[in-house]
Each structure stands twice: as structure tokens, then as C-alpha cells.
file data-v3.pdb (PDB, C-alpha atoms)
MODEL        1
ATOM      1  CA  MET A   1      20.091 -31.743  10.737  1.00  0.00           C
ATOM      2  CA  THR A   2      19.238 -34.273   8.063  1.00  0.00           C
ATOM      3  CA  THR A   3      18.154 -33.218   4.596  1.00  0.00           C
ATOM      4  CA  ASP A   4      14.731 -34.761   5.214  1.00  0.00           C
ATOM      5  CA  LEU A   5      14.261 -32.872   8.491  1.00  0.00           C
ATOM      6  CA  ARG A   6      15.322 -29.591   6.840  1.00  0.00           C
ATOM      7  CA  ARG A   7      12.872 -30.123   3.967  1.00  0.00           C
ATOM      8  CA  GLU A   8      10.014 -31.154   6.245  1.00  0.00           C
ATOM      9  CA  LEU A   9      10.482 -28.226   8.629  1.00  0.00           C
ATOM     10  CA  THR A  10      10.980 -25.793   5.747  1.00  0.00           C
ATOM     11  CA  ASP A  11       7.658 -26.939   4.307  1.00  0.00           C
ATOM     12  CA  PHE A  12       6.053 -26.594   7.744  1.00  0.00           C
ATOM     13  CA  LEU A  13       7.409 -23.066   8.319  1.00  0.00           C
ATOM     14  CA  ASP A  14       6.443 -21.943   4.812  1.00  0.00           C
ATOM     15  CA  ALA A  15       2.879 -23.154   5.435  1.00  0.00           C
ATOM     16  CA  TYR A  16       2.790 -21.611   8.912  1.00  0.00           C
ATOM     17  CA  PHE A  17       3.941 -18.171   7.787  1.00  0.00           C
ATOM     18  CA  ASP A  18       1.728 -18.298   4.694  1.00  0.00           C
ATOM     19  CA  ALA A  19      -1.225 -18.793   7.047  1.00  0.00           C
ATOM     20  CA  TRP A  20      -0.056 -15.946   9.307  1.00  0.00           C
ATOM     21  CA  ASN A  21       0.419 -13.591   6.366  1.00  0.00           C
ATOM     22  CA  VAL A  22      -3.279 -13.850   5.508  1.00  0.00           C
ATOM     23  CA  TYR A  23      -4.252 -14.359   9.163  1.00  0.00           C
ATOM     24  CA  ASP A  24      -6.033 -17.626   8.495  1.00  0.00           C
ATOM     25  CA  GLN A  25      -6.618 -18.790  12.062  1.00  0.00           C
ATOM     26  CA  ALA A  26      -7.963 -22.197  11.017  1.00  0.00           C
ATOM     27  CA  ARG A  27      -4.825 -22.930   8.982  1.00  0.00           C
ATOM     28  CA  MET A  28      -2.601 -21.598  11.778  1.00  0.00           C
ATOM     29  CA  ARG A  29      -4.311 -23.833  14.354  1.00  0.00           C
ATOM     30  CA  GLY A  30      -4.205 -26.759  11.941  1.00  0.00           C
ATOM     31  CA  LEU A  31      -0.412 -26.669  12.079  1.00  0.00           C
ATOM     32  CA  TRP A  32      -0.466 -27.195  15.837  1.00  0.00           C
ATOM     33  CA  ASP A  33      -0.974 -30.443  17.729  1.00  0.00           C
ATOM     34  CA  THR A  34      -4.545 -29.921  18.899  1.00  0.00           C
ATOM     35  CA  ASP A  35      -4.327 -33.141  20.933  1.00  0.00           C
ATOM     36  CA  GLU A  36      -1.781 -31.435  23.202  1.00  0.00           C
ATOM     37  CA  ALA A  37      -3.593 -29.606  26.005  1.00  0.00           C
ATOM     38  CA  ASP A  38      -0.546 -27.731  27.359  1.00  0.00           C
ATOM     39  CA  VAL A  39       0.613 -26.014  24.170  1.00  0.00           C
ATOM     40  CA  LEU A  40       2.563 -22.819  24.784  1.00  0.00           C
ATOM     41  CA  TYR A  41       2.640 -19.715  22.590  1.00  0.00           C
ATOM     42  CA  LEU A  42       4.799 -16.757  23.624  1.00  0.00           C
ATOM     43  CA  ALA A  43       4.712 -13.730  21.336  1.00  0.00           C
ATOM     44  CA  GLU A  44       7.276 -11.037  22.080  1.00  0.00           C
ATOM     45  CA  GLU A  45       4.663  -8.430  23.044  1.00  0.00           C
ATOM     46  CA  CYS A  46       2.780 -10.322  25.755  1.00  0.00           C
ATOM     47  CA  GLU A  47       2.781 -12.891  28.511  1.00  0.00           C
ATOM     48  CA  PRO A  48       2.798 -16.607  27.599  1.00  0.00           C
ATOM     49  CA  HIS A  49      -0.417 -18.203  26.393  1.00  0.00           C
ATOM     50  CA  ILE A  50      -0.679 -21.728  27.771  1.00  0.00           C
ATOM     51  CA  GLY A  51      -3.445 -24.033  26.579  1.00  0.00           C
ATOM     52  CA  TRP A  52      -5.907 -23.734  23.742  1.00  0.00           C
ATOM     53  CA  ALA A  53      -8.316 -21.316  25.437  1.00  0.00           C
ATOM     54  CA  ALA A  54      -5.515 -18.778  25.910  1.00  0.00           C
ATOM     55  CA  ILE A  55      -4.105 -19.212  22.397  1.00  0.00           C
ATOM     56  CA  ASP A  56      -7.543 -19.036  20.781  1.00  0.00           C
ATOM     57  CA  ALA A  57      -8.258 -15.819  22.737  1.00  0.00           C
ATOM     58  CA  TYR A  58      -4.960 -14.284  21.546  1.00  0.00           C
ATOM     59  CA  TRP A  59      -5.544 -15.319  17.934  1.00  0.00           C
ATOM     60  CA  GLY A  60      -9.231 -14.373  18.125  1.00  0.00           C
ATOM     61  CA  VAL A  61      -8.573 -10.623  18.053  1.00  0.00           C
ATOM     62  CA  ASP A  62      -9.902  -9.097  14.825  1.00  0.00           C
ATOM     63  CA  ARG A  63      -6.811  -8.417  12.724  1.00  0.00           C
ATOM     64  CA  THR A  64      -8.595  -8.370   9.366  1.00  0.00           C
ATOM     65  CA  LYS A  65      -7.946  -4.646   8.787  1.00  0.00           C
ATOM     66  CA  ALA A  66      -4.213  -4.954   9.440  1.00  0.00           C
ATOM     67  CA  GLU A  67      -1.698  -5.956   6.814  1.00  0.00           C
ATOM     68  CA  ARG A  68       1.286  -8.059   7.731  1.00  0.00           C
ATOM     69  CA  LEU A  69       4.282  -9.714   6.152  1.00  0.00           C
ATOM     70  CA  LEU A  70       6.269 -12.252   8.129  1.00  0.00           C
ATOM     71  CA  THR A  71       9.330 -13.905   6.659  1.00  0.00           C
ATOM     72  CA  TRP A  72      11.644 -16.475   8.177  1.00  0.00           C
ATOM     73  CA  HIS A  73      15.226 -17.603   7.490  1.00  0.00           C
ATOM     74  CA  ASP A  74      18.275 -19.435   8.875  1.00  0.00           C
ATOM     75  CA  LEU A  75      16.684 -22.630  10.145  1.00  0.00           C
ATOM     76  CA  HIS A  76      18.655 -24.696  12.640  1.00  0.00           C
ATOM     77  CA  ALA A  77      16.970 -27.829  13.948  1.00  0.00           C
ATOM     78  CA  VAL A  78      17.664 -30.985  15.873  1.00  0.00           C
ATOM     79  CA  GLN A  79      15.590 -34.102  15.960  1.00  0.00           C
ATOM     80  CA  ALA A  80      15.297 -34.659  19.700  1.00  0.00           C
ATOM     81  CA  GLY A  81      13.511 -37.993  19.313  1.00  0.00           C
ATOM     82  CA  ALA A  82      11.672 -40.074  16.753  1.00  0.00           C
ATOM     83  CA  ASP A  83       8.662 -37.767  16.948  1.00  0.00           C
ATOM     84  CA  VAL A  84      10.116 -34.511  18.365  1.00  0.00           C
ATOM     85  CA  ALA A  85      12.075 -31.729  16.673  1.00  0.00           C
ATOM     86  CA  ILE A  86      13.394 -28.465  18.073  1.00  0.00           C
ATOM     87  CA  ALA A  87      13.686 -25.656  15.555  1.00  0.00           C
ATOM     88  CA  PHE A  88      15.379 -22.286  15.855  1.00  0.00           C
ATOM     89  CA  PHE A  89      15.121 -19.621  13.157  1.00  0.00           C
ATOM     90  CA  HIS A  90      14.999 -15.893  12.562  1.00  0.00           C
ATOM     91  CA  CYS A  91      11.891 -14.003  11.558  1.00  0.00           C
ATOM     92  CA  ASN A  92      11.169 -10.486  10.412  1.00  0.00           C
ATOM     93  CA  TRP A  93       7.699  -9.130  10.974  1.00  0.00           C
ATOM     94  CA  SER A  94       6.239  -6.081   9.306  1.00  0.00           C
ATOM     95  CA  THR A  95       2.746  -4.763   9.881  1.00  0.00           C
ATOM     96  CA  TYR A  96       0.468  -1.881   9.012  1.00  0.00           C
ATOM     97  CA  LEU A  97      -2.398  -0.899  11.304  1.00  0.00           C
ATOM     98  CA  PRO A  98      -4.686   1.497   9.412  1.00  0.00           C
ATOM     99  CA  GLY A  99      -5.883   4.417  11.486  1.00  0.00           C
ATOM    100  CA  ASN A 100      -3.412   3.786  14.312  1.00  0.00           C
ATOM    101  CA  ARG A 101      -2.301   7.150  15.735  1.00  0.00           C
ATOM    102  CA  LEU A 102       0.764   5.733  17.506  1.00  0.00           C
ATOM    103  CA  TYR A 103       2.017   3.963  14.363  1.00  0.00           C
ATOM    104  CA  PRO A 104       0.604   5.734  11.290  1.00  0.00           C
ATOM    105  CA  LYS A 105       3.238   4.090   9.049  1.00  0.00           C
ATOM    106  CA  PRO A 106       4.187   0.417   8.673  1.00  0.00           C
ATOM    107  CA  PHE A 107       6.550  -0.863  11.356  1.00  0.00           C
ATOM    108  CA  GLY A 108       8.252  -4.124  12.225  1.00  0.00           C
ATOM    109  CA  GLY A 109      11.363  -5.784  13.460  1.00  0.00           C
ATOM    110  CA  PRO A 110      13.512  -8.874  13.829  1.00  0.00           C
ATOM    111  CA  VAL A 111      12.778 -11.683  16.242  1.00  0.00           C
ATOM    112  CA  ARG A 112      14.330 -15.066  16.957  1.00  0.00           C
ATOM    113  CA  ILE A 113      12.011 -18.042  17.349  1.00  0.00           C
ATOM    114  CA  SER A 114      12.377 -21.370  19.081  1.00  0.00           C
ATOM    115  CA  MET A 115       9.742 -23.959  18.310  1.00  0.00           C
ATOM    116  CA  VAL A 116       9.152 -27.538  19.450  1.00  0.00           C
ATOM    117  CA  LEU A 117       7.273 -29.771  17.032  1.00  0.00           C
ATOM    118  CA  ARG A 118       5.800 -33.244  17.294  1.00  0.00           C
ATOM    119  CA  ARG A 119       5.572 -35.615  14.334  1.00  0.00           C
ATOM    120  CA  LYS A 120       1.992 -36.822  13.846  1.00  0.00           C
ATOM    121  CA  GLU A 121       0.453 -38.921  11.072  1.00  0.00           C
ATOM    122  CA  ALA A 122      -0.361 -35.703   9.189  1.00  0.00           C
ATOM    123  CA  GLY A 123       3.208 -34.354   9.577  1.00  0.00           C
ATOM    124  CA  TRP A 124       4.943 -32.008  11.980  1.00  0.00           C
ATOM    125  CA  LYS A 125       2.741 -30.055  14.404  1.00  0.00           C
ATOM    126  CA  ALA A 126       3.827 -27.288  16.781  1.00  0.00           C
ATOM    127  CA  ILE A 127       3.455 -27.697  20.545  1.00  0.00           C
ATOM    128  CA  HIS A 128       5.711 -24.914  21.880  1.00  0.00           C
ATOM    129  CA  TYR A 129       6.562 -21.518  20.347  1.00  0.00           C
ATOM    130  CA  VAL A 130       8.716 -18.742  21.844  1.00  0.00           C
ATOM    131  CA  GLU A 131       9.702 -15.418  20.246  1.00  0.00           C
ATOM    132  CA  ALA A 132      12.926 -13.898  21.560  1.00  0.00           C
ATOM    133  CA  PRO A 133      13.400 -10.285  20.484  1.00  0.00           C
ATOM    134  CA  LEU A 134      16.788  -8.652  20.433  1.00  0.00           C
ATOM    135  CA  ALA A 135      17.513  -6.469  23.454  1.00  0.00           C
ATOM    136  CA  SER A 136      16.413  -2.870  22.866  1.00  0.00           C
ATOM    137  CA  LEU A 137      19.996  -1.635  23.228  1.00  0.00           C
ATOM    138  CA  ILE A 138      21.078  -3.914  20.350  1.00  0.00           C
ATOM    139  CA  GLN A 139      18.113  -2.814  18.215  1.00  0.00           C
ATOM    140  CA  ILE A 140      18.940   0.860  18.770  1.00  0.00           C
ATOM    141  CA  ARG A 141      22.649   0.295  17.992  1.00  0.00           C
ATOM    142  CA  ARG A 142      21.752  -1.488  14.744  1.00  0.00           C
ATOM    143  CA  ALA A 143      19.358   1.305  13.767  1.00  0.00           C
ATOM    144  CA  HIS A 144      22.132   3.866  14.299  1.00  0.00           C
ATOM    145  CA  GLU A 145      24.629   1.752  12.343  1.00  0.00           C
ATOM    146  CA  ASP A 146      22.131   1.262   9.488  1.00  0.00           C
ATOM    147  CA  ALA A 147      21.603   5.036   9.308  1.00  0.00           C
ATOM    148  CA  VAL A 148      25.270   5.745   8.458  1.00  0.00           C
ATOM    149  CA  ASP A 149      25.759   7.277   5.023  1.00  0.00           C
ATOM    150  CA  PRO A 150      27.486   4.643   2.829  1.00  0.00           C
ATOM    151  CA  ARG A 151      29.984   7.284   1.705  1.00  0.00           C
ATOM    152  CA  LEU A 152      31.465   7.367   5.226  1.00  0.00           C
ATOM    153  CA  HIS A 153      32.100   3.616   5.033  1.00  0.00           C
ATOM    154  CA  GLU A 154      33.844   4.187   1.692  1.00  0.00           C
ATOM    155  CA  ARG A 155      36.017   6.976   3.141  1.00  0.00           C
ATOM    156  CA  LEU A 156      36.994   4.838   6.104  1.00  0.00           C
ATOM    157  CA  ALA A 157      37.794   1.852   3.875  1.00  0.00           C
ATOM    158  CA  ALA A 158      39.984   4.081   1.710  1.00  0.00           C
ATOM    159  CA  ARG A 159      41.995   4.938   4.862  1.00  0.00           C
ATOM    160  CA  GLY A 160      42.361   1.220   5.668  1.00  0.00           C
ATOM    161  CA  ILE A 161      39.911   1.297   8.574  1.00  0.00           C
ATOM    162  CA  THR A 162      38.068  -1.978   8.973  1.00  0.00           C
ATOM    163  CA  TYR A 163      35.560  -3.094  11.584  1.00  0.00           C
TER
ENDMDL
END

call {"tool": "encode", "arguments": {"input": "data-v3.pdb", "output": "C-alpha cells"}}
result
Amino acid sequence: MTTDLRRELTDFLDAYFDAWNVYDQARMRGLWDTDEADVLYLAEECEPHIGWAAIDAYWGVDRTKAERLLTWHDLHAVQAGADVAIAFFHCNWSTYLPGNRLYPKPFGGPVRISMVLRRKEAGWKAIHYVEAPLASLIQIRRAHEDAVDPRLHERLAARGITY
């Protein structure tokens, strides 16, 4: 990936997640190619949304009471053509839904994202977005590993045990 492509896509992703973090639907939509009729948006929790009517319906849910913090990192991208880029990166989402009985505390998780962007006069615009969560078995294993008391790691290291 060229330095210019990295900078341009970093700026794009910063703007995109800034808009998501305040749930500014107009800014979110403004970072998509609205001339493209067959845009695709696949969030990890639902079926794919294809076309603007489906995406607008998904984004149109009132989320003003919720709090969220989405962060991204580890961008890998290729310029697939003069006006097309494919980006892959990691994201962590955290949210709080006040009054939710199932999740009374904040919750969140990691997700991997693949995004296709088209270069327009105004800059890069998304046309395809797919979230790929880790398999539940991997998430559970990591949760169990993260719960280990650090003193056990120290004891094992002192015995020469590495992993």
C-alpha cells in the first residue's frame, strides 16, 4: 500500500468512525457513494442490506439513547484500480443500551471489516462493507485466556514454560 493510499484511507476511516460514534447518519451516508445503487452493508448481527432503501432502514433505527465507541486499527489495503481500493482492518465496538434488561452493562467485541471504496471527486466513498466476527469458540477461548491471573503466567515463566 502506498503512503498516499494509507493516509487517504486513514482519513476516511477516522471520519467514518467519528460519524458512527455520534451516530450522525447524514455524515455516515456522506462517506458512501450515493450514486451506486447496489451498495452492500453487512453488519455482524443481521442479514446483508443491499441498496439504499435497506441501508437507510437499518441506519434509521433510533439509536440516540445508546452510547457507543468504535475504534479501528491495523489497516491493510490494496488499490485494485485507479478508482477502487479494498481495505481490511480490525474494529472494536463497545456500546451501552440504557434500560436494556438483557445487557444492563456496557458490552462489545472485536470484529474484522472488509470494505471496498471508490475514488470520487470528493475523495474515497464506500460501496461495500462486510463485518466478519471471530468464531464464538475463538471468542470464548480468548475470554478464558484473558481471565487468567497474571501471577500464574509469572509462575509458569519462572519454570521456563513458554507458549

call {"tool": "closest_atom_pairs", "arguments": {"input": "data-v3.pdb", "of": "region 19-102 of chain A", "to": "region 108-124 of chain A", "cutoff": "12 Å", "atoms": "only C-alpha atoms", "output": "Markdown table"}}
result
| residue | atom | partner | partner_atom | distance |
| --- | --- | --- | --- | --- |
| A:Gly30 | CA | A:Ala122 | CA | 10.1 |
| A:Leu31 | CA | A:Trp124 | CA | 7.6 |
| A:Trp32 | CA | A:Trp124 | CA | 8.2 |
| A:Asp33 | CA | A:Arg118 | CA | 7.3 |
| A:Thr34 | CA | A:Lys120 | CA | 10.8 |
| A:Asp35 | CA | A:Lys120 | CA | 10.2 |
| A:Glu36 | CA | A:Arg118 | CA | 9.8 |
| A:Val39 | CA | A:Val116 | CA | 9.9 |
| A:Leu40 | CA | A:Val116 | CA | 9.7 |
| A:Tyr41 | CA | A:Met115 | CA | 9.3 |
| A:Leu42 | CA | A:Ile113 | CA | 9.6 |
| A:Ala43 | CA | A:Ile113 | CA | 9.4 |
| A:Glu44 | CA | A:Val111 | CA | 8.0 |
| A:Glu45 | CA | A:Val111 | CA | 11.1 |
| A:Glu67 | CA | A:Gly108 | CA | 11.5 |
| A:Arg68 | CA | A:Gly108 | CA | 9.2 |
| A:Leu69 | CA | A:Gly108 | CA | 9.2 |
| A:Leu70 | CA | A:Gly108 | CA | 9.3 |
| A:Thr71 | CA | A:Pro110 | CA | 9.7 |
| A:Trp72 | CA | A:Arg112 | CA | 9.3 |
| A:His73 | CA | A:Arg112 | CA | 9.8 |
| A:Asp74 | CA | A:Arg112 | CA | 10.0 |
| A:Leu75 | CA | A:Ile113 | CA | 9.7 |
| A:His76 | CA | A:Ser114 | CA | 9.6 |
| A:Ala77 | CA | A:Met115 | CA | 9.3 |
| A:Val78 | CA | A:Val116 | CA | 9.9 |
| A:Gln79 | CA | A:Leu117 | CA | 9.4 |
| A:Ala80 | CA | A:Val116 | CA | 9.4 |
| A:Gly81 | CA | A:Arg118 | CA | 9.3 |
| A:Ala82 | CA | A:Arg119 | CA | 7.9 |
| A:Asp83 | CA | A:Arg119 | CA | 4.6 |
| A:Val84 | CA | A:Arg118 | CA | 4.6 |
| A:Ala85 | CA | A:Leu117 | CA | 5.2 |
| A:Ile86 | CA | A:Val116 | CA | 4.6 |
| A:Ala87 | CA | A:Met115 | CA | 5.1 |
| A:Phe88 | CA | A:Ser114 | CA | 4.5 |
| A:Phe89 | CA | A:Ile113 | CA | 5.5 |
| A:His90 | CA | A:Arg112 | CA | 4.5 |
| A:Cys91 | CA | A:Val111 | CA | 5.3 |
| A:Asn92 | CA | A:Pro110 | CA | 4.4 |
| A:Trp93 | CA | A:Gly108 | CA | 5.2 |
| A:Ser94 | CA | A:Gly108 | CA | 4.1 |
| A:Thr95 | CA | A:Gly108 | CA | 6.0 |
| A:Tyr96 | CA | A:Gly108 | CA | 8.7 |
| A:Leu97 | CA | A:Gly108 | CA | 11.2 |

call {"tool": "atom_distance", "arguments": {"input": "data-v3.pdb", "atom1": "CA of Gly51 (chain A)", "atom2": "CA of Tyr129 (chain A)"}}
result
12.1 Å

call {"tool": "atom_distance", "arguments": {"input": "data-v3.pdb", "atom1": "CA of Ala132 (chain A)", "atom2": "CA of Gly60 (chain A)"}}
result
22.4 Å

call {"tool": "atom_distance", "arguments": {"input": "data-v3.pdb", "atom1": "CA of Ile127 (chain A)", "atom2": "CA of Thr64 (chain A)"}}
result
25.4 Å

call {"tool": "closest_residue", "arguments": {"input": "data-v3.pdb", "among": "A:Ala66, A:Tyr16, A:Leu9, A:Tyr58", "to": "Pro104 (chain A)", "atoms": "all atoms listed in the file"}}
result
A:Ala66

call {"tool": "axis_aligned_box", "arguments": {"input": "data-v3.pdb", "around": "region 132-151 of chain A", "padding_each_side": "3 Å", "output": "AutoDock Vina command-line options"}}
result
--center_x 21.5 --center_y -3.3 --center_z 12.6 --size_x 23.1 --size_y 27.2 --size_z 27.7

call {"tool": "closest_residue", "arguments": {"input": "data-v3.pdb", "among": "A:Trp20, A:Ala158, A:Lys65, A:Ile55", "to": "Ala37 (chain A)", "atoms": "all atoms listed in the file"}}
result
A:Ile55

call {"tool": "closest_residue", "arguments": {"input": "data-v3.pdb", "among": "A:Arg27, A:Glu8, A:Ala15, A:His128", "to": "Ile50 (chain A)", "atoms": "only C-alpha atoms"}}
result
A:His128

call {"tool": "decode", "arguments": {"input": "data-v3.pdb", "residues": "region 50-65 of chain A", "atoms": "N, CA, C and O atoms", "output": "PDB file, in the first residue's frame"}}
result
ATOM      1  N   ILE A  50     -28.782  -4.583   1.041  1.00  0.00           N
ATOM      2  CA  ILE A  50     -28.345  -4.273  -0.314  1.00  0.00           C
ATOM      3  C   ILE A  50     -29.233  -3.163  -0.859  1.00  0.00           C
ATOM      4  O   ILE A  50     -30.458  -3.289  -0.864  1.00  0.00           O
ATOM      5  N   GLY A  51     -28.609  -2.082  -1.285  1.00  0.00           N
ATOM      6  CA  GLY A  51     -29.329  -0.930  -1.812  1.00  0.00           C
ATOM      7  C   GLY A  51     -29.617   0.083  -0.717  1.00  0.00           C
ATOM      8  O   GLY A  51     -29.593  -0.210   0.480  1.00  0.00           O
ATOM      9  N   TRP A  52     -29.885   1.314  -1.171  1.00  0.00           N
ATOM     10  CA  TRP A  52     -30.055   2.410  -0.225  1.00  0.00           C
ATOM     11  C   TRP A  52     -31.292   2.298   0.645  1.00  0.00           C
ATOM     12  O   TRP A  52     -31.254   2.680   1.822  1.00  0.00           O
ATOM     13  N   ALA A  53     -32.378   1.753   0.140  1.00  0.00           N
ATOM     14  CA  ALA A  53     -33.588   1.627   0.970  1.00  0.00           C
ATOM     15  C   ALA A  53     -33.308   0.728   2.165  1.00  0.00           C
ATOM     16  O   ALA A  53     -33.696   1.033   3.304  1.00  0.00           O
ATOM     17  N   ALA A  54     -32.607  -0.374   1.942  1.00  0.00           N
ATOM     18  CA  ALA A  54     -32.297  -1.307   3.026  1.00  0.00           C
ATOM     19  C   ALA A  54     -31.316  -0.699   4.022  1.00  0.00           C
ATOM     20  O   ALA A  54     -31.478  -0.842   5.244  1.00  0.00           O
ATOM     21  N   ILE A  55     -30.282  -0.022   3.523  1.00  0.00           N
ATOM     22  CA  ILE A  55     -29.300   0.585   4.423  1.00  0.00           C
ATOM     23  C   ILE A  55     -29.937   1.715   5.224  1.00  0.00           C
ATOM     24  O   ILE A  55     -29.736   1.817   6.439  1.00  0.00           O
ATOM     25  N   ASP A  56     -30.718   2.562   4.559  1.00  0.00           N
ATOM     26  CA  ASP A  56     -31.382   3.653   5.271  1.00  0.00           C
ATOM     27  C   ASP A  56     -32.331   3.119   6.350  1.00  0.00           C
ATOM     28  O   ASP A  56     -32.433   3.693   7.435  1.00  0.00           O
ATOM     29  N   ALA A  57     -33.008   1.998   6.074  1.00  0.00           N
ATOM     30  CA  ALA A  57     -33.898   1.399   7.082  1.00  0.00           C
ATOM     31  C   ALA A  57     -33.089   0.890   8.274  1.00  0.00           C
ATOM     32  O   ALA A  57     -33.487   1.067   9.428  1.00  0.00           O
ATOM     33  N   TYR A  58     -31.943   0.266   8.020  1.00  0.00           N
ATOM     34  CA  TYR A  58     -31.085  -0.231   9.102  1.00  0.00           C
ATOM     35  C   TYR A  58     -30.537   0.932   9.925  1.00  0.00           C
ATOM     36  O   TYR A  58     -30.566   0.909  11.146  1.00  0.00           O
ATOM     37  N   TRP A  59     -30.037   1.959   9.259  1.00  0.00           N
ATOM     38  CA  TRP A  59     -29.490   3.111   9.967  1.00  0.00           C
ATOM     39  C   TRP A  59     -30.577   3.956  10.602  1.00  0.00           C
ATOM     40  O   TRP A  59     -30.315   4.707  11.543  1.00  0.00           O
ATOM     41  N   GLY A  60     -31.811   3.852  10.128  1.00  0.00           N
ATOM     42  CA  GLY A  60     -32.889   4.718  10.585  1.00  0.00           C
ATOM     43  C   GLY A  60     -33.465   4.370  11.947  1.00  0.00           C
ATOM     44  O   GLY A  60     -34.321   5.090  12.454  1.00  0.00           O
ATOM     45  N   VAL A  61     -32.999   3.298  12.556  1.00  0.00           N
ATOM     46  CA  VAL A  61     -33.457   2.932  13.900  1.00  0.00           C
ATOM     47  C   VAL A  61     -32.964   3.992  14.885  1.00  0.00           C
ATOM     48  O   VAL A  61     -31.815   4.441  14.813  1.00  0.00           O
ATOM     49  N   ASP A  62     -33.821   4.404  15.801  1.00  0.00           N
ATOM     50  CA  ASP A  62     -33.438   5.427  16.780  1.00  0.00           C
ATOM     51  C   ASP A  62     -32.397   4.861  17.744  1.00  0.00           C
ATOM     52  O   ASP A  62     -32.700   3.999  18.556  1.00  0.00           O
ATOM     53  N   ARG A  63     -31.180   5.325  17.617  1.00  0.00           N
ATOM     54  CA  ARG A  63     -30.090   4.905  18.500  1.00  0.00           C
ATOM     55  C   ARG A  63     -29.573   6.082  19.330  1.00  0.00           C
ATOM     56  O   ARG A  63     -28.454   6.049  19.831  1.00  0.00           O
ATOM     57  N   THR A  64     -30.381   7.116  19.462  1.00  0.00           N
ATOM     58  CA  THR A  64     -29.931   8.330  20.144  1.00  0.00           C
ATOM     59  C   THR A  64     -29.724   8.125  21.638  1.00  0.00           C
ATOM     60  O   THR A  64     -28.933   8.840  22.246  1.00  0.00           O
ATOM     61  N   LYS A  65     -30.411   7.159  22.246  1.00  0.00           N
ATOM     62  CA  LYS A  65     -30.250   6.925  23.686  1.00  0.00           C
ATOM     63  C   LYS A  65     -29.028   6.065  23.995  1.00  0.00           C
ATOM     64  O   LYS A  65     -28.527   6.070  25.105  1.00  0.00           O
TER      65      LYS A  65
END
